[in-house]
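These notes are about the structure you will find just below.
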Amino acid sequence: MISQPGADAPGSGHPGRGGVHLEKGHKRVRALLAGHVVADTLSPWLVWEAPWYPTYYLPREDVRAELKETGATEHSPSRGDAVVCDVVVDGAVAEAAALVYAESPIPELRGLVKLRWDAMDDWMEEDELVYTHPRDPYTRVDILASSRRIQVLVDGVEVASSDQPRILFETGLPPRYYLPLSHVSTELLRPSSTVTHCPYKGDATYWSIEVNGKVYEDYVWMYRTPLPESQKIAGLACFYNEKVDLVVDGVPAERPRTKFS
């Protein structure tokens, strides 16, 4: 486990500004492009470039694809200058998809390659697909049945009320209250085309809420077919604590401040 100056331990949730935390991972990691294996390693590195989740850096010797330098570079205050490369494998090309920090001030990065997550078609941890970003070893998700009375208000209008929530506790985020759709005023919901992805829960679809003549975009989401470890929230509706007024067992809850605020 290595933290550069300005970086907090990952368990604290936020690397310091301009800092970076990195550590060796223990999973087999593969990246695929057009059905071809770009990289296959048993020695990935987890690098916290952003505060909320890590990025995989892979040993150069475990990258099977050709890396063609583009002539461009990309600068990071903490990681130094990276050479930008196209990734070429069996005729498939992902442009500007790899970064190589050959002269990084962080010695551990010098023999590694960063493959841009979205430039690859698929990522696998062991033999399972993983989505959005690598799973953070310091993030835990617990989903518990509860009998707390949950009321949800938007602009003074009650849009949901239930005493059968499933409460999802996720490291670094406020508790999320997932409610049966039958306990939501569905006549106030408006379909949204938004879809988001979570490596722990899967794909979420959204609704907006219309009350008092105003539409509140993407305030409500649902995991219709969540990943196996999150099956307990399948088909339940959840509201952003940061944006609605929550009343828990008759007590108004303070709105948390997060990246979703």
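Each chain of the structure tokens is named A, B, ... in the order shown, its residues numbered from 1; ligands are numbered from 1 in display order.
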
Which neighbours of Val88 in chain A fall inside 6 Å, counting only C-alpha atoms, when residues of the same chain fewer than 4 positions from it are skipped, and could you give them as JSON, numbers by chain? {"A": [65, 66, 92, 93]}

Would you please give, as JSON, numbers by chain, all residues of range 18-115 of chain A that DSSP assigns to strand (DSSP E) based on the backbone? {"A": [21, 22, 23, 24, 29, 30, 31, 32, 33, 36, 37, 38, 39, 40, 41, 45, 46, 47, 48, 55, 56, 57, 58, 59, 66, 67, 68, 69, 70, 71, 72, 73, 74, 75, 76, 80, 81, 82, 83, 84, 85, 86, 87, 88, 89, 92, 93, 94, 95, 96, 97, 98, 99, 100, 112, 113, 114, 115]}

Please provide as a PyMOL selection string all residues within 12 Å of Pro137 in chain A, with the sequence filter that same-chain residues fewer than 5 positions apart are discarded (counting only C-alpha atoms). chain A and resi 10-11+13+23-27+46-48+52-55+171+199-200

Within 12 Å of Tyr56 in chain A, counting only C-alpha atoms, which residues qualify if same-chain residues fewer than 2 places away don't, as a VMD selection string? chain A and resid 22 to 31 39 to 49 53 to 54 58 to 59 98 to 99 109 112 to 117 123 to 125 132 to 136

Give me a file of those residues, with C-alpha atoms, as a PDB file, in the first residue's frame.
ATOM      1  CA  LEU A  22      -1.962   2.931  -5.113  1.00  0.00           C
ATOM      2  CA  GLU A  23      -1.709  -0.672  -4.057  1.00  0.00           C
ATOM      3  CA  LYS A  24      -1.367  -4.117  -5.591  1.00  0.00           C
ATOM      4  CA  GLY A  25      -4.572  -5.972  -6.402  1.00  0.00           C
ATOM      5  CA  HIS A  26      -5.154  -9.700  -5.984  1.00  0.00           C
ATOM      6  CA  LYS A  27      -7.677 -10.486  -8.728  1.00  0.00           C
ATOM      7  CA  ARG A  28      -7.037 -11.773 -12.208  1.00  0.00           C
ATOM      8  CA  VAL A  29      -7.976  -8.892 -14.499  1.00  0.00           C
ATOM      9  CA  ARG A  30      -8.657  -9.037 -18.227  1.00  0.00           C
ATOM     10  CA  ALA A  31      -9.544  -6.338 -20.761  1.00  0.00           C
ATOM     11  CA  ALA A  39      -4.510  -7.641 -21.360  1.00  0.00           C
ATOM     12  CA  ASP A  40      -4.544 -10.545 -18.920  1.00  0.00           C
ATOM     13  CA  THR A  41      -2.793 -10.155 -15.580  1.00  0.00           C
ATOM     14  CA  LEU A  42      -2.570 -11.637 -12.110  1.00  0.00           C
ATOM     15  CA  SER A  43      -0.731  -8.538 -10.870  1.00  0.00           C
ATOM     16  CA  PRO A  44      -2.962  -5.499 -11.361  1.00  0.00           C
ATOM     17  CA  TRP A  45      -2.388  -2.261  -9.508  1.00  0.00           C
ATOM     18  CA  LEU A  46      -5.277  -0.249  -8.098  1.00  0.00           C
ATOM     19  CA  VAL A  47      -4.657   3.481  -8.438  1.00  0.00           C
ATOM     20  CA  TRP A  48      -6.967   6.037  -6.828  1.00  0.00           C
ATOM     21  CA  GLU A  49      -6.814   8.915  -9.311  1.00  0.00           C
ATOM     22  CA  TYR A  53     -13.051   4.654  -6.899  1.00  0.00           C
ATOM     23  CA  PRO A  54      -9.809   3.137  -8.232  1.00  0.00           C
ATOM     24  CA  LEU A  58      -1.576  -3.264 -15.662  1.00  0.00           C
ATOM     25  CA  PRO A  59       1.999  -4.568 -16.081  1.00  0.00           C
ATOM     26  CA  ALA A  98      -3.638   3.622 -23.363  1.00  0.00           C
ATOM     27  CA  LEU A  99      -1.405   5.805 -21.214  1.00  0.00           C
ATOM     28  CA  LEU A 109       3.839   3.326 -12.284  1.00  0.00           C
ATOM     29  CA  LEU A 112       2.534  -0.156 -15.963  1.00  0.00           C
ATOM     30  CA  VAL A 113      -0.077   0.686 -18.598  1.00  0.00           C
ATOM     31  CA  LYS A 114      -3.368   2.404 -17.979  1.00  0.00           C
ATOM     32  CA  LEU A 115      -6.078   1.259 -20.392  1.00  0.00           C
ATOM     33  CA  ARG A 116      -8.943   3.708 -20.554  1.00  0.00           C
ATOM     34  CA  TRP A 117     -11.923   1.869 -19.088  1.00  0.00           C
ATOM     35  CA  TRP A 123     -13.479  -5.954 -18.340  1.00  0.00           C
ATOM     36  CA  MET A 124     -13.329  -9.078 -16.225  1.00  0.00           C
ATOM     37  CA  GLU A 125     -12.336  -9.669 -12.624  1.00  0.00           C
ATOM     38  CA  THR A 132     -18.285   1.094 -14.765  1.00  0.00           C
ATOM     39  CA  HIS A 133     -15.003   0.859 -12.837  1.00  0.00           C
ATOM     40  CA  PRO A 134     -13.018  -1.665 -10.755  1.00  0.00           C
ATOM     41  CA  ARG A 135     -14.642  -2.749  -7.552  1.00  0.00           C
ATOM     42  CA  ASP A 136     -13.145  -0.845  -4.645  1.00  0.00           C
TER      43      ASP A 136
END

Env of range 203-220 of chain A: 6 Å cut, atoms = only C-alpha atoms, seq-sep filter 6 positions within chain, self excluded. Answer as a list of chain:residue names.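 Neighbouring residues, sequence-local ones excluded: A:Leu188, A:Leu189, A:Arg190, A:Pro191, A:Ser192, A:Thr194, A:Val195, A:Thr196, A:His197, A:Cys238, A:Phe239, A:Tyr240.
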
Keeping only N, CA and C atoms, take the residues you just selected and write them out as an mmCIF file, in the first residue's frame.
data_model
loop_
_atom_site.group_PDB
_atom_site.id
_atom_site.type_symbol
_atom_site.label_atom_id
_atom_site.label_comp_id
_atom_site.auth_asym_id
_atom_site.auth_seq_id
_atom_site.Cartn_x
_atom_site.Cartn_y
_atom_site.Cartn_z
ATOM 1 N N LEU A 188 -47.214 10.531 -10.160
ATOM 2 C CA LEU A 188 -46.335 11.693 -10.193
ATOM 3 C C LEU A 188 -45.018 11.416 -10.911
ATOM 4 N N LEU A 189 -44.807 10.154 -11.286
ATOM 5 C CA LEU A 189 -43.548 9.778 -11.931
ATOM 6 C C LEU A 189 -43.630 9.981 -13.435
ATOM 7 N N ARG A 190 -42.509 10.429 -14.010
ATOM 8 C CA ARG A 190 -42.402 10.618 -15.448
ATOM 9 C C ARG A 190 -41.206 9.814 -15.948
ATOM 10 N N PRO A 191 -41.380 8.975 -16.989
ATOM 11 C CA PRO A 191 -40.261 8.146 -17.464
ATOM 12 C C PRO A 191 -39.081 9.005 -17.904
ATOM 13 N N SER A 192 -37.885 8.478 -17.675
ATOM 14 C CA SER A 192 -36.639 9.132 -18.086
ATOM 15 C C SER A 192 -35.838 8.143 -18.923
ATOM 16 N N THR A 194 -32.613 8.129 -18.803
ATOM 17 C CA THR A 194 -31.328 7.994 -18.117
ATOM 18 C C THR A 194 -31.107 6.571 -17.631
ATOM 19 N N VAL A 195 -29.903 6.071 -17.838
ATOM 20 C CA VAL A 195 -29.471 4.781 -17.292
ATOM 21 C C VAL A 195 -28.084 4.990 -16.694
ATOM 22 N N THR A 196 -27.880 4.543 -15.466
ATOM 23 C CA THR A 196 -26.559 4.596 -14.866
ATOM 24 C C THR A 196 -26.111 3.187 -14.497
ATOM 25 N N HIS A 197 -24.826 3.048 -14.241
ATOM 26 C CA HIS A 197 -24.236 1.728 -14.026
ATOM 27 C C HIS A 197 -23.428 1.728 -12.735
ATOM 28 N N CYS A 238 -35.958 4.104 -5.301
ATOM 29 C CA CYS A 238 -35.135 4.846 -4.353
ATOM 30 C C CYS A 238 -35.065 6.306 -4.780
ATOM 31 N N PHE A 239 -34.977 7.200 -3.809
ATOM 32 C CA PHE A 239 -34.946 8.636 -4.043
ATOM 33 C C PHE A 239 -33.622 9.205 -3.529
ATOM 34 N N TYR A 240 -33.127 10.229 -4.214
ATOM 35 C CA TYR A 240 -31.904 10.888 -3.758
ATOM 36 C C TYR A 240 -32.157 11.612 -2.442
#

I'd like the interatomic distance between CA of Asp118 in chain A and CA of Val130 in chain A, to a tenth of an Å.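 The value is 12.0 Å.
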
Quick one: residues within 10 Å of His36 in chain A, only C-alpha atoms, excluding same-chain residues fewer than 6 positions away - as a PyMOL selection string? chain A and resi 64-65+89-92+121-122

How about saving the chosen residues, C-alpha atoms kept, as a PDB file, in the first residue's frame?
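Once written, part.pdb looks like this:
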ATOM      1  CA  ARG A  64      -0.934  -8.520 -25.343  1.00  0.00           C
ATOM      2  CA  ALA A  65      -2.016  -5.767 -27.717  1.00  0.00           C
ATOM      3  CA  VAL A  89      -5.139  -6.122 -31.437  1.00  0.00           C
ATOM      4  CA  ASP A  90      -5.970  -8.465 -34.329  1.00  0.00           C
ATOM      5  CA  GLY A  91      -7.083  -5.599 -36.555  1.00  0.00           C
ATOM      6  CA  ALA A  92      -9.190  -3.870 -33.909  1.00  0.00           C
ATOM      7  CA  ASP A 121     -15.486  -3.453 -24.729  1.00  0.00           C
ATOM      8  CA  ASP A 122     -15.360  -5.599 -21.613  1.00  0.00           C
TER       9      ASP A 122
END

Of the candidates A:Ser182, A:Ser78, A:Thr70, A:Gln231, which one gets nearest to Val159 in chain A if we count only C-alpha atoms? A:Ser182

For Ala94 in chain A, list every protein, DNA or RNA residue within 8 Å, evaluated using only C-alpha atoms, and leave out those in the same chain fewer than 4 positions away; present the list as number ranges by chain. A: 33, 86-88, 119-120

So that I have them on file, write out the residues from the current selection with N, CA and C atoms, as a compact mmCIF listing (two decimals), in the first residue's frame.
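And here's result26.txt as it stands now:
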# COMPACT_ATOMS: atom_id res chain seq x y z
N LEU A 33 -11.22 -6.28 -26.32
CA LEU A 33 -11.62 -5.37 -27.38
C LEU A 33 -12.00 -6.20 -28.60
N ASP A 86 -2.40 4.36 -29.16
CA ASP A 86 -3.52 3.57 -29.68
C ASP A 86 -3.30 2.11 -29.27
N VAL A 87 -4.40 1.41 -29.07
CA VAL A 87 -4.35 -0.02 -28.77
C VAL A 87 -4.78 -0.79 -30.01
N VAL A 88 -3.91 -1.69 -30.47
CA VAL A 88 -4.18 -2.44 -31.69
C VAL A 88 -4.08 -3.93 -31.38
N ALA A 119 -12.73 2.67 -23.25
CA ALA A 119 -12.22 2.32 -24.58
C ALA A 119 -12.24 0.81 -24.83
N MET A 120 -12.31 0.03 -23.76
CA MET A 120 -12.38 -1.42 -23.88
C MET A 120 -13.84 -1.85 -23.96

With distances taken over only C-alpha atoms, which residue among A:Ser147, A:Thr258, A:Thr73, A:Ser230 lies nearest Gly172 in chain A? A:Thr258

Of the candidates A:Thr225, A:Leu144, A:Ala96, A:Arg60, which one gets nearest to Glu74 in chain A if we count only C-alpha atoms?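 Using only C-alpha atoms, the shortest distance to Glu74 in chain A belongs to A:Ala96.
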
Computed interatomic separation between CA of Ala237 in chain A and CA of Arg148 in chain A (Å):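 It comes out at 15.8 Å.
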